[in-house]
>>> print(open('model.cif').read())   # mmCIF, C-alpha atoms and all ligand atoms
data_upload
loop_
_atom_site.label_atom_id
_atom_site.label_comp_id
_atom_site.auth_asym_id
_atom_site.auth_seq_id
_atom_site.Cartn_x
_atom_site.Cartn_y
_atom_site.Cartn_z
CA MET O 1 -49.59 -90.71 88.92
CA ILE O 2 -49.94 -87.48 90.52
CA GLU O 3 -46.24 -87.46 91.40
CA LEU O 4 -45.33 -88.57 87.93
CA HIS O 5 -47.51 -85.86 86.56
CA LYS O 6 -45.83 -83.40 88.86
CA LYS O 7 -42.38 -84.56 87.65
CA CYS O 8 -43.30 -84.31 84.02
CA GLY O 9 -44.77 -80.88 84.59
CA PHE O 10 -41.64 -79.68 86.30
CA ALA O 11 -39.39 -80.97 83.49
CA ALA O 12 -41.50 -79.23 80.87
CA ALA O 13 -41.52 -75.99 82.85
CA SER O 14 -37.75 -76.12 83.26
CA ALA O 15 -37.17 -76.65 79.54
CA PHE O 16 -39.46 -73.74 78.72
CA LEU O 17 -37.69 -71.44 81.14
CA ALA O 18 -34.31 -72.40 79.69
CA LEU O 19 -35.54 -71.55 76.21
CA VAL O 20 -36.86 -68.18 77.36
CA LEU O 21 -33.57 -67.41 79.08
CA LEU O 22 -31.63 -68.40 75.98
CA ILE O 23 -33.71 -66.14 73.73
CA THR O 24 -33.50 -63.30 76.25
CA PHE O 25 -29.76 -63.75 76.48
CA ALA O 26 -29.43 -63.81 72.70
CA ASN O 27 -31.46 -60.62 72.40
CA PHE O 28 -29.62 -58.98 75.25
CA THR O 29 -26.19 -59.79 73.94
CA GLN O 30 -25.46 -57.47 71.05
CA GLY O 31 -23.60 -59.03 68.17
CA GLN O 32 -25.51 -62.21 68.18
CA VAL O 33 -28.13 -60.89 65.73
CA VAL O 34 -27.77 -59.19 62.39
CA PRO O 35 -28.14 -55.35 62.68
CA GLY O 36 -31.30 -53.67 61.48
CA GLN O 37 -31.93 -51.34 58.50
CA PRO O 38 -30.35 -47.89 58.77
CA THR O 39 -32.55 -44.79 58.61
CA LEU O 40 -31.13 -42.14 56.23
CA VAL O 41 -30.82 -38.54 57.45
CA SER O 42 -29.12 -36.33 54.88
CA PRO O 43 -28.95 -35.17 52.16
CA ASP O 44 -32.71 -35.17 52.51
CA ASN O 45 -34.57 -37.30 50.01
CA ASN O 46 -34.83 -35.44 46.65
CA GLU O 47 -32.58 -32.63 47.86
CA ASN O 48 -30.58 -30.54 45.39
CA ILE O 49 -27.00 -30.01 46.54
CA SER O 50 -24.11 -28.04 45.10
CA ASP O 51 -21.47 -30.19 46.87
CA ASN O 52 -20.10 -32.91 44.60
CA THR O 53 -18.42 -34.70 47.53
CA PRO O 54 -21.39 -34.66 49.90
CA ASN O 55 -21.38 -36.01 53.42
CA LEU O 56 -23.97 -38.81 53.63
CA ASP O 57 -25.53 -39.21 57.03
CA TRP O 58 -27.79 -41.78 58.72
CA ASP O 59 -28.89 -42.79 62.19
CA SER O 60 -26.52 -45.23 63.86
CA VAL O 61 -27.85 -48.79 64.08
CA ILE O 62 -27.64 -50.65 67.42
CA GLY O 63 -25.22 -53.51 67.22
CA ALA O 64 -23.59 -52.38 63.98
CA ASN O 65 -19.81 -52.39 63.82
CA ASN O 66 -19.52 -51.61 60.13
CA TYR O 67 -21.45 -49.96 57.34
CA ASP O 68 -21.52 -50.23 53.56
CA VAL O 69 -22.51 -47.20 51.46
CA GLN O 70 -23.44 -47.09 47.79
CA VAL O 71 -24.16 -44.12 45.52
CA ASP O 72 -25.25 -44.68 41.94
CA ASN O 73 -26.86 -42.79 39.09
CA ASP O 74 -28.67 -46.03 38.30
CA PHE O 75 -31.64 -46.68 40.54
CA ASP O 76 -30.77 -50.40 40.69
CA PHE O 77 -27.20 -49.74 41.91
CA SER O 78 -25.81 -51.68 38.98
CA SER O 79 -22.91 -49.24 38.43
CA PRO O 80 -22.09 -47.52 41.70
CA GLU O 81 -20.08 -44.29 41.53
CA VAL O 82 -19.37 -44.81 45.22
CA ASN O 83 -19.10 -48.32 46.65
CA ALA O 84 -17.65 -47.96 50.15
CA ASP O 85 -17.51 -51.25 51.99
CA ASN O 86 -16.74 -51.63 55.69
CA ILE O 87 -16.25 -47.99 56.50
CA GLY O 88 -16.31 -48.71 60.24
CA THR O 89 -18.72 -47.54 62.92
CA ASP O 90 -19.07 -43.90 61.80
CA ASP O 91 -22.70 -43.17 60.96
CA ASN O 92 -21.78 -40.86 58.09
CA TYR O 93 -19.58 -40.96 55.03
CA GLN O 94 -18.03 -38.18 52.98
CA VAL O 95 -17.68 -38.95 49.28
CA LEU O 96 -13.96 -38.85 48.47
CA ASP O 97 -12.49 -36.21 46.19
CA GLU O 98 -11.37 -38.94 43.82
CA ASN O 99 -15.01 -40.01 43.53
CA ALA O 100 -16.36 -36.47 43.14
CA LEU O 101 -19.77 -36.77 41.55
CA SER O 102 -20.50 -35.08 38.25
CA ASP O 103 -23.74 -33.10 38.05
CA GLY O 104 -26.73 -35.42 37.97
CA VAL O 105 -29.27 -37.39 39.96
CA TYR O 106 -28.01 -40.06 42.36
CA TYR O 107 -29.50 -42.85 44.45
CA TRP O 108 -27.89 -43.89 47.72
CA HIS O 109 -28.38 -46.44 50.47
CA VAL O 110 -26.56 -47.80 53.50
CA ARG O 111 -26.49 -51.13 55.29
CA ALA O 112 -25.06 -52.15 58.65
CA GLU O 113 -23.19 -55.30 59.54
CA ASN O 114 -21.60 -57.10 62.44
CA GLU O 115 -20.01 -60.47 63.10
CA ASN O 116 -23.40 -62.15 62.78
CA GLY O 117 -23.98 -60.96 59.30
CA ILE O 118 -25.06 -58.11 57.06
CA GLY O 119 -28.29 -56.22 57.58
CA SER O 120 -30.71 -55.11 54.91
CA TRP O 121 -30.11 -52.03 52.74
CA SER O 122 -31.85 -48.90 53.89
CA GLU O 123 -34.47 -47.18 51.76
CA ASN O 124 -33.06 -45.71 48.57
CA TRP O 125 -32.90 -41.92 48.69
CA ILE O 126 -32.26 -39.50 45.87
CA PHE O 127 -30.22 -36.36 45.63
CA ARG O 128 -29.17 -34.12 42.74
CA VAL O 129 -25.66 -32.77 42.42
CA ASP O 130 -25.88 -29.38 40.69
CA THR O 131 -22.77 -27.24 40.60
CA LEU O 132 -23.98 -25.00 37.75
CA ALA O 133 -25.26 -21.57 38.69
CA PRO O 134 -28.25 -20.23 36.79
CA THR O 135 -27.68 -17.60 34.12
CA ALA O 136 -28.31 -13.95 34.88
CA PRO O 137 -32.01 -13.20 34.53
CA THR O 138 -32.99 -10.98 31.60
CA ILE O 139 -34.56 -7.83 32.99
CA THR O 140 -37.71 -7.01 31.04
CA ALA O 141 -38.67 -3.77 32.85
CA PRO O 142 -37.64 -1.07 33.23
CA ALA O 143 -35.77 -0.75 29.94
CA SER O 144 -32.10 0.09 30.20
CA GLY O 145 -31.76 3.79 30.95
CA GLU O 146 -35.52 4.24 31.06
CA ASN O 147 -36.99 7.34 32.68
CA LEU O 148 -39.96 6.55 34.91
CA SER O 149 -42.49 8.84 36.53
CA ASP O 150 -43.46 6.14 39.07
CA ASN O 151 -41.85 6.24 42.52
CA THR O 152 -42.66 2.56 43.11
CA PRO O 153 -41.82 0.95 39.78
CA ASP O 154 -42.39 -2.70 38.95
CA ILE O 155 -39.20 -4.60 38.19
CA THR O 156 -39.77 -7.64 35.96
CA TRP O 157 -37.50 -10.31 34.49
CA SER O 158 -37.62 -13.60 32.60
CA ALA O 159 -37.38 -16.99 34.27
CA VAL O 160 -34.05 -18.78 33.92
CA SER O 161 -33.99 -22.48 33.02
CA GLU O 162 -32.77 -24.70 35.83
CA ASN O 163 -32.71 -28.34 36.90
CA SER O 164 -32.79 -27.41 40.58
CA SER O 165 -36.05 -25.67 41.18
CA PRO O 166 -37.64 -23.60 42.49
CA VAL O 167 -35.29 -20.83 41.40
CA LEU O 168 -35.26 -17.79 43.66
CA TYR O 169 -34.58 -14.25 42.50
CA ARG O 170 -33.30 -11.15 44.22
CA VAL O 171 -33.51 -7.50 43.27
CA TRP O 172 -31.27 -4.72 44.53
CA ILE O 173 -31.85 -1.05 43.74
CA ASP O 174 -29.26 1.50 44.79
CA ASN O 175 -28.45 5.10 43.97
CA ASN O 176 -24.82 4.04 44.39
CA SER O 177 -23.26 2.24 41.46
CA ASP O 178 -21.37 -0.13 43.79
CA PHE O 179 -24.60 -1.29 45.47
CA SER O 180 -23.07 -0.47 48.82
CA SER O 181 -26.28 0.91 50.31
CA PRO O 182 -29.33 -0.42 48.47
CA GLU O 183 -32.51 1.60 48.81
CA ASN O 184 -34.37 -1.62 48.05
CA ASP O 185 -33.50 -5.30 48.51
CA SER O 186 -36.23 -7.81 47.72
CA GLY O 187 -34.52 -10.69 49.48
CA TRP O 188 -34.75 -14.08 47.74
CA ILE O 189 -38.23 -14.40 46.27
CA ASN O 190 -39.97 -17.01 44.16
CA ALA O 191 -41.41 -14.52 41.67
CA LEU O 192 -40.71 -12.83 38.34
CA THR O 193 -41.78 -9.36 39.41
CA TYR O 194 -40.99 -7.08 42.30
CA THR O 195 -42.65 -3.80 43.10
CA SER O 196 -40.05 -1.47 44.47
CA GLY O 197 -40.49 0.38 47.70
CA TYR O 198 -40.75 4.17 47.44
CA LEU O 199 -37.85 5.68 45.52
CA GLN O 200 -37.16 9.40 45.48
CA ASP O 201 -36.45 11.10 42.18
CA ASN O 202 -32.94 10.07 41.22
CA LEU O 203 -30.79 7.90 38.99
CA TYR O 204 -30.77 4.27 40.20
CA TYR O 205 -28.71 1.17 39.59
CA LEU O 206 -30.67 -2.07 39.31
CA ARG O 207 -29.34 -5.57 39.82
CA VAL O 208 -31.22 -8.89 39.55
CA ALA O 209 -29.74 -12.33 40.28
CA ALA O 210 -31.04 -15.91 40.36
CA LYS O 211 -30.21 -18.70 42.81
CA ASP O 212 -31.05 -22.33 42.13
CA ASN O 213 -32.42 -24.77 44.68
CA ALA O 214 -28.93 -26.21 45.18
CA GLY O 215 -27.77 -22.80 46.39
CA ASN O 216 -25.79 -21.76 43.31
CA GLN O 217 -26.09 -18.00 42.74
CA GLY O 218 -25.72 -16.74 39.18
CA GLU O 219 -24.33 -13.56 37.73
CA ASN O 220 -26.17 -10.26 38.12
CA SER O 221 -28.07 -8.51 35.41
CA GLU O 222 -27.54 -4.78 35.77
CA ARG O 223 -28.90 -1.59 34.32
CA THR O 224 -29.79 1.93 35.31
CA PHE O 225 -33.09 3.75 35.32
CA ARG O 226 -34.25 7.16 36.49
CA ILE O 227 -37.19 8.15 38.64
CA ASP O 228 -38.40 11.59 37.56
CA THR O 229 -41.75 12.90 38.69
CA LEU O 230 -40.99 16.57 37.99
CA SER O 231 -42.63 18.12 34.94
CA PRO O 232 -40.56 20.35 32.68
CA VAL O 233 -41.16 24.09 32.88
CA ALA O 234 -43.29 25.86 30.28
CA PRO O 235 -41.34 26.93 27.19
CA THR O 236 -40.81 30.63 26.40
CA LEU O 237 -42.07 31.61 22.96
CA VAL O 238 -39.40 33.26 20.77
CA SER O 239 -40.86 34.18 17.39
CA PRO O 240 -42.86 35.60 15.79
CA ASP O 241 -43.24 38.49 18.24
CA ASP O 242 -46.59 38.78 19.93
CA GLY O 243 -49.04 40.61 17.69
CA THR O 244 -46.95 40.33 14.52
CA ARG O 245 -48.81 40.94 11.27
CA THR O 246 -47.74 38.52 8.58
CA ALA O 247 -48.64 37.52 5.04
CA ASP O 248 -46.93 34.15 5.37
CA SER O 249 -49.82 31.73 5.75
CA THR O 250 -47.49 28.90 6.85
CA PRO O 251 -45.36 30.75 9.37
CA ALA O 252 -42.52 29.21 11.35
CA LEU O 253 -43.05 29.26 15.12
CA ASN O 254 -40.08 29.12 17.49
CA TRP O 255 -39.61 28.71 21.22
CA ASN O 256 -36.72 28.07 23.56
CA THR O 257 -35.59 24.57 24.44
CA VAL O 258 -36.46 23.35 27.92
CA SER O 259 -33.96 21.45 30.04
CA ASP O 260 -34.81 18.35 32.05
CA ASN O 261 -33.15 15.30 33.57
CA SER O 262 -35.22 12.98 31.41
CA LEU O 263 -34.18 13.60 27.84
CA PRO O 264 -35.16 14.07 25.15
CA VAL O 265 -37.80 16.70 25.87
CA ILE O 266 -40.54 16.85 23.25
CA TYR O 267 -43.12 19.57 22.60
CA ASP O 268 -46.80 19.96 21.90
CA LEU O 269 -48.02 22.96 19.89
CA GLN O 270 -51.50 24.40 19.40
CA VAL O 271 -52.64 27.19 17.07
CA ASP O 272 -56.19 28.41 17.35
CA ASP O 273 -58.23 31.44 16.30
CA ASP O 274 -59.81 31.15 19.74
CA SER O 275 -57.60 32.48 22.51
CA GLY O 276 -58.98 29.76 24.79
CA PHE O 277 -57.66 27.03 22.43
CA SER O 278 -61.04 25.31 22.50
CA SER O 279 -60.74 24.00 18.92
CA PRO O 280 -57.12 24.17 17.75
CA THR O 281 -56.64 24.31 13.99
CA VAL O 282 -53.08 23.09 14.48
CA ASN O 283 -52.63 20.53 17.25
CA VAL O 284 -49.34 18.68 16.99
CA SER O 285 -47.59 16.69 19.70
CA GLY O 286 -44.24 15.03 20.16
CA LEU O 287 -42.21 17.65 18.29
CA THR O 288 -38.53 16.88 18.73
CA SER O 289 -37.22 20.36 17.90
CA ASN O 290 -37.99 23.80 19.25
CA SER O 291 -39.58 25.10 16.05
CA TYR O 292 -42.45 24.18 13.83
CA THR O 293 -43.48 25.44 10.44
CA ILE O 294 -47.21 25.28 9.88
CA THR O 295 -47.96 22.96 6.99
CA SER O 296 -51.50 23.94 5.96
CA SER O 297 -52.16 27.58 5.08
CA LEU O 298 -53.90 29.56 7.78
CA ALA O 299 -56.81 31.78 6.83
CA ASP O 300 -56.63 35.52 7.43
CA SER O 301 -57.43 35.94 11.11
CA THR O 302 -55.84 36.54 14.45
CA TRP O 303 -54.18 33.32 15.56
CA TYR O 304 -53.09 32.32 19.04
CA TRP O 305 -50.40 29.77 19.74
CA HIS O 306 -48.78 28.15 22.73
CA VAL O 307 -46.36 25.28 23.43
CA ARG O 308 -45.79 22.84 26.25
CA ALA O 309 -42.93 20.44 26.98
CA ARG O 310 -43.02 16.73 27.91
CA ASP O 311 -40.02 15.02 29.45
CA ASN O 312 -38.91 11.48 28.63
CA ALA O 313 -40.51 10.14 31.80
CA GLY O 314 -43.87 11.28 30.46
CA ASN O 315 -44.29 14.27 32.75
CA VAL O 316 -46.26 16.95 30.92
CA GLY O 317 -45.46 20.60 31.64
CA SER O 318 -47.80 23.55 31.60
CA TRP O 319 -48.70 25.41 28.44
CA SER O 320 -46.58 28.48 27.80
CA SER O 321 -48.22 31.87 27.90
CA SER O 322 -49.76 32.35 24.49
CA ARG O 323 -48.90 34.75 21.70
CA SER O 324 -50.91 35.87 18.73
CA PHE O 325 -50.12 36.85 15.15
CA ILE O 326 -52.33 38.45 12.55
CA MET O 327 -52.59 36.62 9.28
CA ASP O 328 -53.21 39.31 6.64
CA THR O 329 -52.24 38.03 3.23
CA ALA O 330 -54.11 40.78 1.27
CA ALA O 331 -52.41 43.80 2.83
CA GLN O 332 -49.05 42.43 2.02
CA ALA O 333 -49.37 42.14 -1.75
CA ALA O 334 -46.55 44.25 -3.26
CA PRO O 335 -47.65 47.20 -5.40
CA ALA O 336 -46.62 47.13 -9.08
CA LEU O 337 -44.34 50.13 -9.84
CA THR O 338 -45.30 52.20 -12.94
CA ALA O 339 -43.08 55.34 -12.99
CA PRO O 340 -40.34 56.28 -13.37
CA ALA O 341 -39.60 53.33 -15.69
CA ASN O 342 -36.98 50.91 -14.48
CA GLY O 343 -33.51 52.31 -15.30
CA ALA O 344 -34.91 55.70 -16.49
CA ILE O 345 -32.57 58.72 -16.52
CA THR O 346 -34.01 62.00 -15.23
CA ASN O 347 -32.78 65.51 -14.40
CA ASP O 348 -35.65 65.94 -11.90
CA SER O 349 -34.03 65.86 -8.42
CA THR O 350 -37.47 65.49 -6.75
CA PRO O 351 -39.11 62.90 -9.00
CA THR O 352 -42.63 61.67 -8.58
CA PHE O 353 -43.08 57.92 -8.10
CA ASP O 354 -46.22 56.16 -9.24
CA TRP O 355 -47.60 52.64 -8.71
CA GLU O 356 -50.66 50.50 -9.26
CA PRO O 357 -53.23 50.43 -6.45
CA VAL O 358 -53.45 47.36 -4.19
CA SER O 359 -56.93 46.23 -3.30
CA GLY O 360 -57.79 46.97 0.30
CA ALA O 361 -54.61 48.96 0.97
CA ALA O 362 -55.12 51.91 3.28
CA SER O 363 -51.67 53.47 2.77
CA TYR O 364 -48.36 52.86 1.11
CA THR O 365 -44.77 53.19 2.27
CA LEU O 366 -42.06 54.23 -0.19
CA GLN O 367 -38.31 53.85 0.21
CA CYS O 368 -35.61 55.34 -2.01
CA SER O 369 -31.88 54.69 -1.65
CA ILE O 370 -28.64 54.68 -3.66
CA ASP O 371 -28.10 51.00 -2.87
CA SER O 372 -30.29 48.04 -3.56
CA GLY O 373 -30.11 47.00 0.07
CA PHE O 374 -31.88 50.25 1.04
CA THR O 375 -29.32 51.23 3.63
CA GLN O 376 -27.50 54.36 2.33
CA ASN O 377 -29.02 57.81 1.85
CA LEU O 378 -32.41 56.24 2.60
CA THR O 379 -35.48 58.36 1.98
CA THR O 380 -38.78 57.07 3.35
CA GLY O 381 -42.17 58.42 2.47
CA SER O 382 -45.75 57.51 3.21
CA SER O 383 -48.77 58.05 1.00
CA THR O 384 -52.46 57.23 1.05
CA THR O 385 -52.57 57.61 -2.75
CA THR O 386 -50.71 55.69 -5.46
CA ASP O 387 -48.03 58.30 -6.07
CA TYR O 388 -45.46 60.19 -4.06
CA THR O 389 -43.18 63.10 -4.85
CA LEU O 390 -39.94 63.42 -2.96
CA ALA O 391 -39.80 66.42 -0.65
CA THR O 392 -35.96 66.62 -0.60
CA THR O 393 -33.68 66.70 -3.64
CA LEU O 394 -31.61 63.71 -4.69
CA ALA O 395 -27.96 64.03 -5.67
CA ASP O 396 -26.81 62.79 -9.09
CA GLY O 397 -26.46 59.05 -9.09
CA THR O 398 -28.30 55.77 -9.29
CA CA Z 401 -23.38 -45.54 38.06
CA CA Z 402 -28.06 -25.27 38.70
CA CA Z 403 -27.87 3.97 48.32
CA CA Z 404 -38.52 15.83 34.60
#
>>> encode(input="model.cif", output="structure tokens")
Amino acid sequence: MIELHKKCGFAAASAFLALVLLITFANFTQGQVVPGQPTLVSPDNNENISDNTPNLDWDSVIGANNYDVQVDNDFDFSSPEVNADNIGTDDNYQVLDENALSDGVYYWHVRAENENGIGSWSENWIFRVDTLAPTAPTITAPASGENLSDNTPDITWSAVSENSSPVLYRVWIDNNSDFSSPENDSGWINALTYTSGYLQDNLYYLRVAAKDNAGNQGENSERTFRIDTLSPVAPTLVSPDDGTRTADSTPALNWNTVSDNSLPVIYDLQVDDDSGFSSPTVNVSGLTSNSYTITSSLADSTWYWHVRARDNAGNVGSWSSSRSFIMDTAAQAAPALTAPANGAITNDSTPTFDWEPVSGAASYTLQCSIDSGFTQNLTTGSSTTTDYTLATTLADGT
């Protein structure tokens, strides 16, 4: 019994050992089991790519001597755009030119096989083929040709529409029109605004471009702008002359034009009966010409006026030195002539002239000439009364 038991035990142990050896042998000998599931490598899952014949890559599977690859825009692989069977032992596959993929989203998977059979499909991964570059971004600031008084201006633009996001943007600013030596380069940024580094006063060329997540770079948007932090000089007043007495209660005021890089230059004007301009009666700004005619009559007084210039970048210059004029409407009323009568003929070569008094007049000036322009044979006299007799004789004539 014991021996019998020993025999039976030995037979059972031998059979078990043989089975273990067989399994070990089967596992050890490649090719006698179906290969495992491949692990995909690239394109990365959900990657956007600009290559429409991408190279598909996976980790090689032990024991595989062939692979099948499928690419389809249908997630269930019902209509494969690429259906490459038995490509051999290479653990990657380049989509053929004849199968170049049109832009869109694709699913792909790989399986390994050997003489024992076909392994399971890998996970399904997704990639997007995108060969379309984004449009040029629309620059929203600065405006084209704008003059800025800020040495570190904000550059802004509108987002472009894109399938492959995030879209990156890049800003170049150069004082050279060929962008050969940019003063500023933002690098690729995921933003719609960029604050420039310090820019000296100058004319600059601005360029903004977009790049999608597949790496397609679009056209540049370009424009120029100027940095100008220098204020224009104070204008020089031209007319009326300082201290002029006038009866014109809406006089025209003139000054010289001021030059500047940032055009047009505009002007502010103040007129005040206070030389300190504490309460200007006329206070106009943004005048586009170098003269201004006062619109509301000024009262009789001494008036002071000054002008300042503002350039197109918004830099405000200093006020000019001021001038004054004396508004004196009463003194300027013309006397009414009474004698001799208009067109009278006389043989008196030193006639007496007579006129009506003017209220408030301290003295009168008389002019006599043989031409109506008062240029030839001009006689001038002054009188504190309302008549005047010529001191020198007049020749016959009109
Ligand atoms: Ca398909
Ligand atoms: Ca695109
Ligand atoms: Ca430069
Ligand atoms: Ca300026």
>>> closest_residue(input="model.cif", among="O:Ser291, O:Asn176, O:Asn45, O:Thr152", to="ligand CA 403 (chain Z)", atoms="all atoms listed in the file")
O:Asn176
>>> residues_around(input="model.cif", residues="O:Thr195", least_positions_apart="2", cutoff="10 Å", atoms="only C-alpha atoms", output="PDB file with C-alpha atoms, in the coordinates of the input")
ATOM      1  CA  THR O 152     -42.660   2.560  43.110  1.00  0.00           C
ATOM      2  CA  PRO O 153     -41.820   0.950  39.780  1.00  0.00           C
ATOM      3  CA  ASP O 154     -42.390  -2.700  38.950  1.00  0.00           C
ATOM      4  CA  ILE O 155     -39.200  -4.600  38.190  1.00  0.00           C
ATOM      5  CA  THR O 156     -39.770  -7.640  35.960  1.00  0.00           C
ATOM      6  CA  VAL O 171     -33.510  -7.500  43.270  1.00  0.00           C
ATOM      7  CA  ASN O 184     -34.370  -1.620  48.050  1.00  0.00           C
ATOM      8  CA  SER O 186     -36.230  -7.810  47.720  1.00  0.00           C
ATOM      9  CA  THR O 193     -41.780  -9.360  39.410  1.00  0.00           C
ATOM     10  CA  GLY O 197     -40.490   0.380  47.700  1.00  0.00           C
ATOM     11  CA  TYR O 198     -40.750   4.170  47.440  1.00  0.00           C
TER      12      TYR O 198
END
>>> residues_near_point(input="model.cif", point="(-48.8, 19.8, 15.3)", cutoff="6 Å", atoms="all atoms listed in the file", output="list of chain:residue names")
O:Leu269, O:Val282, O:Asn283, O:Val284, O:Ser285
>>> residues_near_ligand(input="model.cif", ligand="ligand CA 402 (chain Z)", cutoff="7 Å", atoms="only C-alpha atoms and all ligand atoms", output="MDAnalysis selection string")
chainID O and resid 130:134 162:164 212 214 216
>>> residues_near_ligand(input="model.cif", ligand="ligand CA 404 (chain Z)", cutoff="6 Å", atoms="all atoms listed in the file", output="PyMOL selection string")
chain O and resi 228-232+260-262+311
>>> residues_near_ligand(input="model.cif", ligand="ligand CA 403 (chain Z)", cutoff="10 Å", atoms="only C-alpha atoms and all ligand atoms", output="VMD selection string")
chain O and resid 173 to 184 204 to 205
>>> residues_around(input="model.cif", residues="stretch 337-349 of chain O", least_positions_apart="5", cutoff="8 Å", atoms="only C-alpha atoms", output="short mmCIF file (atom, residue, chain, number, x, y, z; two decimals) with C-alpha atoms, keeping the file's coordinate frame")
data_model
loop_
_atom_site.label_atom_id
_atom_site.label_comp_id
_atom_site.auth_asym_id
_atom_site.auth_seq_id
_atom_site.Cartn_x
_atom_site.Cartn_y
_atom_site.Cartn_z
CA ASP O 354 -46.22 56.16 -9.24
CA TRP O 355 -47.60 52.64 -8.71
CA GLU O 356 -50.66 50.50 -9.26
CA THR O 393 -33.68 66.70 -3.64
CA LEU O 394 -31.61 63.71 -4.69
CA ALA O 395 -27.96 64.03 -5.67
CA ASP O 396 -26.81 62.79 -9.09
#
>>> residues_near_ligand(input="model.cif", ligand="ligand CA 401 (chain Z)", cutoff="7 Å", atoms="all atoms listed in the file", output="MDAnalysis selection string")
chainID O and resid 72:74 77:81
>>> closest_residue(input="model.cif", among="O:Ala252, O:Asn312, O:Thr246, O:Val265", to="O:Phe325", atoms="all atoms listed in the file")
O:Thr246
>>> decode(input="model.cif", residues="stretch 280-297 of chain O", atoms="C-alpha atoms", output="mmCIF file, in the first residue's frame")
data_model
loop_
_atom_site.group_PDB
_atom_site.id
_atom_site.type_symbol
_atom_site.label_atom_id
_atom_site.label_comp_id
_atom_site.auth_asym_id
_atom_site.auth_seq_id
_atom_site.Cartn_x
_atom_site.Cartn_y
_atom_site.Cartn_z
ATOM 1 C CA PRO O 280 -11.214 133.420 -19.835
ATOM 2 C CA THR O 281 -14.119 134.997 -21.693
ATOM 3 C CA VAL O 282 -13.043 133.113 -24.812
ATOM 4 C CA ASN O 283 -11.719 129.606 -24.190
ATOM 5 C CA VAL O 284 -11.638 127.507 -27.329
ATOM 6 C CA SER O 285 -9.665 124.329 -27.932
ATOM 7 C CA GLY O 286 -8.884 122.097 -30.863
ATOM 8 C CA LEU O 287 -8.601 124.875 -33.446
ATOM 9 C CA THR O 288 -7.335 123.389 -36.688
ATOM 10 C CA SER O 289 -6.049 126.640 -38.218
ATOM 11 C CA ASN O 290 -3.673 129.307 -37.002
ATOM 12 C CA SER O 291 -6.303 132.035 -36.728
ATOM 13 C CA TYR O 292 -9.527 132.596 -34.906
ATOM 14 C CA THR O 293 -12.142 135.280 -35.226
ATOM 15 C CA ILE O 294 -13.931 135.977 -31.986
ATOM 16 C CA THR O 295 -17.612 135.201 -32.375
ATOM 17 C CA SER O 296 -19.234 137.086 -29.483
ATOM 18 C CA SER O 297 -18.582 140.822 -29.197
#
